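Since the structure comes first, as structure tokens, the remarks are kept for the end.
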Amino acid sequence: MPALRAVFALAVPLLAACAAVTTADGRRVAFGSSEFRSYVEAVFREQNRAASDLAFAIEDATGPDGAEPPELAAAEDALLGACAGLNELATARRDEQRLGLRQSADAARKAPACERATLAAQAALAARTK
């Protein structure tokens, strides 16, 4: 049994290193590479910026009856949903906690969906300011 655990412990990182994700612009980035880590960090920072911009735009555009602009509210909901795993990963790292290999990898693999939601949120904001 210990030998099986050792093989599994070595196989998981090796398999993860062979996998890749496709970014919103079509680039393939190898999971586990330094390029992938940079990509995930950039997506996190950009979505964080977009989430803040959306929050302020929604606050500014909310009518006296409390009605939020539906296109911005939908973009915010989509962004928060698509980026929840990435935000959880960032929060855990900030708090010096470990999510575990599988949960961390699952969250990081969702970076392209978060990136697409970020681009959609930025587009909704840009359309609102035209």
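Note on naming: chains are A, B, ... as they come in the structure tokens, residues start from 1 per chain, ligands start from 1 in the order shown.
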
Residue neighbourhood Thr118 of chain A, 12 Å, only C-alpha atoms, exclusion window fewer than 4 positions, as a VMD selection string = chain A and resid 24 42 to 54 75 to 83 111 to 114 122 to 125

Grab the residues selected above and save them as a tab-separated table (two decimals), in the first residue's frame with N, CA, C and O atoms.
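And here's selection-v1.tsv as it stands now:
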```
chain	number	residue	atom	x	y	z
A	24	ALA	N	-8.53	32.60	-23.19
A	24	ALA	CA	-9.58	33.26	-23.98
A	24	ALA	C	-9.09	33.67	-25.37
A	24	ALA	O	-9.86	33.69	-26.32
A	42	ALA	N	-2.69	36.72	-13.34
A	42	ALA	CA	-3.17	37.84	-14.16
A	42	ALA	C	-4.69	37.81	-14.28
A	42	ALA	O	-5.35	38.85	-14.19
A	43	VAL	N	-5.25	36.62	-14.47
A	43	VAL	CA	-6.72	36.49	-14.55
A	43	VAL	C	-7.34	36.91	-13.24
A	43	VAL	O	-8.33	37.67	-13.21
A	44	PHE	N	-6.77	36.47	-12.12
A	44	PHE	CA	-7.30	36.84	-10.81
A	44	PHE	C	-7.29	38.36	-10.63
A	44	PHE	O	-8.28	38.95	-10.23
A	45	ARG	N	-6.18	38.99	-10.95
A	45	ARG	CA	-6.08	40.44	-10.77
A	45	ARG	C	-7.07	41.19	-11.67
A	45	ARG	O	-7.71	42.15	-11.24
A	46	GLU	N	-7.20	40.74	-12.90
A	46	GLU	CA	-8.09	41.41	-13.85
A	46	GLU	C	-9.56	41.23	-13.45
A	46	GLU	O	-10.35	42.15	-13.52
A	47	GLN	N	-9.91	40.04	-13.00
A	47	GLN	CA	-11.30	39.83	-12.58
A	47	GLN	C	-11.61	40.60	-11.31
A	47	GLN	O	-12.71	41.09	-11.12
A	48	ASN	N	-10.62	40.73	-10.45
A	48	ASN	CA	-10.79	41.51	-9.23
A	48	ASN	C	-11.07	42.98	-9.58
A	48	ASN	O	-11.96	43.62	-9.00
A	49	ARG	N	-10.33	43.48	-10.54
A	49	ARG	CA	-10.52	44.85	-11.01
A	49	ARG	C	-11.91	45.01	-11.64
A	49	ARG	O	-12.63	45.98	-11.37
A	50	ALA	N	-12.29	44.05	-12.47
A	50	ALA	CA	-13.60	44.12	-13.14
A	50	ALA	C	-14.73	44.03	-12.11
A	50	ALA	O	-15.74	44.74	-12.24
A	51	ALA	N	-14.58	43.18	-11.10
A	51	ALA	CA	-15.60	43.05	-10.07
A	51	ALA	C	-15.77	44.37	-9.31
A	51	ALA	O	-16.90	44.79	-9.02
A	52	SER	N	-14.67	45.02	-9.00
A	52	SER	CA	-14.74	46.32	-8.31
A	52	SER	C	-15.41	47.37	-9.20
A	52	SER	O	-16.28	48.12	-8.74
A	53	ASP	N	-15.01	47.41	-10.47
A	53	ASP	CA	-15.61	48.37	-11.41
A	53	ASP	C	-17.11	48.13	-11.56
A	53	ASP	O	-17.90	49.08	-11.60
A	54	LEU	N	-17.50	46.86	-11.63
A	54	LEU	CA	-18.92	46.53	-11.73
A	54	LEU	C	-19.68	46.98	-10.49
A	54	LEU	O	-20.77	47.55	-10.59
A	75	ALA	N	-23.89	40.54	-15.53
A	75	ALA	CA	-22.44	40.41	-15.73
A	75	ALA	C	-21.74	40.15	-14.39
A	75	ALA	O	-20.82	39.32	-14.32
A	76	GLU	N	-22.19	40.81	-13.35
A	76	GLU	CA	-21.59	40.61	-12.03
A	76	GLU	C	-21.86	39.19	-11.53
A	76	GLU	O	-20.95	38.52	-11.03
A	77	ASP	N	-23.09	38.71	-11.69
A	77	ASP	CA	-23.43	37.35	-11.26
A	77	ASP	C	-22.58	36.32	-12.02
A	77	ASP	O	-22.07	35.37	-11.42
A	78	ALA	N	-22.46	36.51	-13.33
A	78	ALA	CA	-21.67	35.58	-14.14
A	78	ALA	C	-20.20	35.61	-13.73
A	78	ALA	O	-19.55	34.55	-13.63
A	79	LEU	N	-19.69	36.79	-13.47
A	79	LEU	CA	-18.29	36.94	-13.06
A	79	LEU	C	-18.04	36.26	-11.72
A	79	LEU	O	-17.09	35.49	-11.57
A	80	LEU	N	-18.91	36.53	-10.76
A	80	LEU	CA	-18.72	35.92	-9.43
A	80	LEU	C	-18.83	34.40	-9.49
A	80	LEU	O	-18.05	33.70	-8.84
A	81	GLY	N	-19.75	33.90	-10.29
A	81	GLY	CA	-19.89	32.45	-10.42
A	81	GLY	C	-18.70	31.80	-11.10
A	81	GLY	O	-18.18	30.78	-10.64
A	82	ALA	N	-18.25	32.40	-12.19
A	82	ALA	CA	-17.14	31.82	-12.96
A	82	ALA	C	-15.83	31.90	-12.20
A	82	ALA	O	-14.95	31.06	-12.41
A	83	CYS	N	-15.69	32.89	-11.35
A	83	CYS	CA	-14.41	33.12	-10.67
A	83	CYS	C	-14.39	32.68	-9.21
A	83	CYS	O	-13.39	32.89	-8.51
A	111	ALA	N	-9.66	28.93	-14.62
A	111	ALA	CA	-9.19	30.28	-14.95
A	111	ALA	C	-9.68	30.75	-16.32
A	111	ALA	O	-10.08	31.91	-16.45
A	112	PRO	N	-9.69	29.91	-17.37
A	112	PRO	CA	-10.19	30.39	-18.66
A	112	PRO	C	-11.66	30.83	-18.62
A	112	PRO	O	-12.02	31.82	-19.24
A	113	ALA	N	-12.50	30.11	-17.87
A	113	ALA	CA	-13.90	30.51	-17.74
A	113	ALA	C	-13.99	31.84	-17.00
A	113	ALA	O	-14.80	32.72	-17.36
A	114	CYS	N	-13.16	32.02	-16.00
A	114	CYS	CA	-13.12	33.28	-15.27
A	114	CYS	C	-12.65	34.41	-16.19
A	114	CYS	O	-13.19	35.51	-16.17
A	122	GLN	N	-16.23	43.35	-18.64
A	122	GLN	CA	-15.60	44.57	-19.15
A	122	GLN	C	-16.38	45.11	-20.36
A	122	GLN	O	-16.54	46.32	-20.51
A	123	ALA	N	-16.87	44.21	-21.21
A	123	ALA	CA	-17.66	44.62	-22.36
A	123	ALA	C	-18.97	45.25	-21.91
A	123	ALA	O	-19.42	46.25	-22.48
A	124	ALA	N	-19.61	44.68	-20.89
A	124	ALA	CA	-20.86	45.25	-20.37
A	124	ALA	C	-20.63	46.64	-19.79
A	124	ALA	O	-21.44	47.55	-19.99
A	125	LEU	N	-19.51	46.80	-19.10
A	125	LEU	CA	-19.17	48.11	-18.56
A	125	LEU	C	-18.90	49.12	-19.68
A	125	LEU	O	-19.37	50.26	-19.61
```

key: All alpha helix (DSSP H) residues (DSSP, backbone) inside segment 2-115 of chain A, as an MDAnalysis selection string   = chainID A and resid 2:18 34:61 70:94 101:109 111:115

message = Applying 10 Å and only C-alpha atoms, which residues near Ala107 of chain A remain after dropping the ones on its own chain fewer than 3 positions away? List them as number ranges by chain.
response = A: 40, 83-90, 99, 101-104, 110-111

request  = Using only C-alpha atoms, find the one residue out of A:Leu72, A:Arg93, A:Ala108, A:Asp60 that sits nearest to Tyr39 of chain A.
outcome  =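 For Tyr39 of chain A, the nearest of the given residues is A:Ala108.
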
request  = May I ask which of the residues A:Ala126, A:Asp25, A:Phe56, A:Arg109 is the closest one to Arg37 of chain A, counting only C-alpha atoms?
outcome  =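 Ranked by minimum distance to Arg37 of chain A, first place goes to A:Arg109.
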
inquiry  = Between atom CA of Gly26 of chain A and atom CA of Glu71 of chain A, what distance in Å does the model show, to one decimal?
reply    =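 Separating atom CA of Gly26 of chain A from atom CA of Glu71 of chain A is a distance of 26.3 Å.
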